[in-house]
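Novice: Let me begin by handing over the structure; questions about it come next.
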Amino acid sequence: MSTERLTKNRYMRFIARIFRIELLYVYATVILAGGFVAYLINASAVPAGTLIVRSYGIQSLAETFAYIFLVVMGVIGFLLILRAGEQQKNPRESALFFFVGFMLVIIAFSMIFAFWGYKFG
């Protein structure tokens, strides 16, 4: 296939859009902040069938996915807040983006602190 034909293919354009360098940094940050690497290192210390391990140094796979979900929720909230600042045509749409983004960030923070309180409390 020639490069001209590849750039016209909508799937190749989609893949090129997903794998931009700045998005790769966001993906890596979410995976690291969610503790996926920590889970891989300490997976043998997690008892089988445990959803939440009440320990400071160990986390289960369910906890890892919960952390990743909460980090993604917070990132989406911050992106909506950023989009609200860029939106200048419609002030109602800007206010909606800001409100929804702010609520997502607040919910993500409160859920993660509640999760830590349950885990370490």
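By order in the structure tokens, chains are A, B, ...; within a chain, residues start at 1; ligands start at 1, following the order shown.
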Tell me, which residues of chain A carry DSSP helix (DSSP H, G or I), written as a count of residues only?

Specialist: 95

Novice: Could you state the separation of CA of Ala95 in chain A and CA of Ile81 in chain A in Å, given to one decimal place?

Specialist: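 The value is 9.2 Å.
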
Novice: Dump as CSV the rows for residues of range 10-90 of chain A within 12 Å of range 116-121 of chain A: closest atom pair and distance in Å with one decimal, only C-alpha atoms counted, ordered by chain and rising residue number.

Specialist:
residue,atom,partner,partner_atom,distance
A:Leu51,CA,A:Lys119,CA,10.6
A:Ile52,CA,A:Lys119,CA,6.9
A:Val53,CA,A:Lys119,CA,7.0
A:Arg54,CA,A:Lys119,CA,5.1
A:Ser55,CA,A:Phe120,CA,6.9
A:Tyr56,CA,A:Phe120,CA,7.3
A:Gly57,CA,A:Phe120,CA,10.9
A:Ile58,CA,A:Lys119,CA,10.7
A:Gln59,CA,A:Lys119,CA,9.6
A:Ser60,CA,A:Lys119,CA,11.3
A:Glu63,CA,A:Lys119,CA,9.7
A:Ala66,CA,A:Trp116,CA,11.4
A:Tyr67,CA,A:Trp116,CA,10.3

Novice: Go ahead and write the selection's residues with N, CA and C atoms as a PDB file, in the first residue's frame.

Specialist:
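Below you can see out.pdb, which holds the result:
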ATOM      1  N   LEU A  51     -11.115  -9.133  46.836  1.00  0.00           N
ATOM      2  CA  LEU A  51     -11.430  -7.924  46.087  1.00  0.00           C
ATOM      3  C   LEU A  51     -10.639  -6.728  46.589  1.00  0.00           C
ATOM      4  N   ILE A  52     -10.602  -6.539  47.896  1.00  0.00           N
ATOM      5  CA  ILE A  52      -9.876  -5.415  48.481  1.00  0.00           C
ATOM      6  C   ILE A  52      -8.935  -5.950  49.543  1.00  0.00           C
ATOM      7  N   VAL A  53      -7.657  -5.673  49.390  1.00  0.00           N
ATOM      8  CA  VAL A  53      -6.644  -6.102  50.347  1.00  0.00           C
ATOM      9  C   VAL A  53      -6.428  -4.950  51.316  1.00  0.00           C
ATOM     10  N   ARG A  54      -6.606  -5.201  52.600  1.00  0.00           N
ATOM     11  CA  ARG A  54      -6.437  -4.147  53.607  1.00  0.00           C
ATOM     12  C   ARG A  54      -4.966  -4.062  54.006  1.00  0.00           C
ATOM     13  N   SER A  55      -4.176  -3.520  53.101  1.00  0.00           N
ATOM     14  CA  SER A  55      -2.747  -3.380  53.317  1.00  0.00           C
ATOM     15  C   SER A  55      -2.253  -2.164  52.554  1.00  0.00           C
ATOM     16  N   TYR A  56      -1.185  -1.556  53.050  1.00  0.00           N
ATOM     17  CA  TYR A  56      -0.646  -0.371  52.394  1.00  0.00           C
ATOM     18  C   TYR A  56       0.138  -0.692  51.126  1.00  0.00           C
ATOM     19  N   GLY A  57       0.800  -1.827  51.077  1.00  0.00           N
ATOM     20  CA  GLY A  57       1.713  -2.101  49.981  1.00  0.00           C
ATOM     21  C   GLY A  57       1.177  -3.002  48.897  1.00  0.00           C
ATOM     22  N   ILE A  58      -0.022  -3.548  49.079  1.00  0.00           N
ATOM     23  CA  ILE A  58      -0.546  -4.531  48.134  1.00  0.00           C
ATOM     24  C   ILE A  58      -1.930  -4.072  47.663  1.00  0.00           C
ATOM     25  N   GLN A  59      -2.219  -4.311  46.393  1.00  0.00           N
ATOM     26  CA  GLN A  59      -3.564  -4.059  45.897  1.00  0.00           C
ATOM     27  C   GLN A  59      -3.958  -5.175  44.945  1.00  0.00           C
ATOM     28  N   SER A  60      -5.251  -5.452  44.910  1.00  0.00           N
ATOM     29  CA  SER A  60      -5.764  -6.523  44.059  1.00  0.00           C
ATOM     30  C   SER A  60      -6.053  -5.979  42.660  1.00  0.00           C
ATOM     31  N   GLU A  63      -9.015  -3.558  42.719  1.00  0.00           N
ATOM     32  CA  GLU A  63      -8.608  -2.225  43.178  1.00  0.00           C
ATOM     33  C   GLU A  63      -7.894  -1.467  42.062  1.00  0.00           C
ATOM     34  N   ALA A  66     -10.408  -0.198  39.697  1.00  0.00           N
ATOM     35  CA  ALA A  66     -11.155   0.894  40.321  1.00  0.00           C
ATOM     36  C   ALA A  66     -10.333   2.177  40.301  1.00  0.00           C
ATOM     37  N   TYR A  67      -9.050   2.084  40.631  1.00  0.00           N
ATOM     38  CA  TYR A  67      -8.183   3.265  40.598  1.00  0.00           C
ATOM     39  C   TYR A  67      -8.061   3.814  39.177  1.00  0.00           C
TER      40      TYR A  67
END

Novice: May I have the residues within 12 Å of Ile76 in chain A as a ChimeraX atom specification, using only C-alpha atoms and disregarding those fewer than 3 positions away in the same chain?

Specialist: /A:26,30,69-73,79-83,97-98,100-108

Novice: Counting only C-alpha atoms, which of A:Ser94, A:Gly77, A:Thr64, A:Phe109 gets nearest to Val37 in chain A?

Specialist: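 With only C-alpha atoms as the atom set, the closest residue is A:Thr64.
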
Novice: Pick the closest to Tyr27 in chain A from A:Gly85, A:Phe113, A:Ile41, A:Val75: which is it, counting only C-alpha atoms?

Specialist: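 Answer, going by the shortest atom-to-atom distance: A:Val75.
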
Novice: Looking at A:Ala33, A:Leu96, A:Ala84, A:Ala62, which one is nearest to Phe115 in chain A, with distances taken over only C-alpha atoms?

Specialist: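 Closest residue, counting only C-alpha atoms: A:Ala62.
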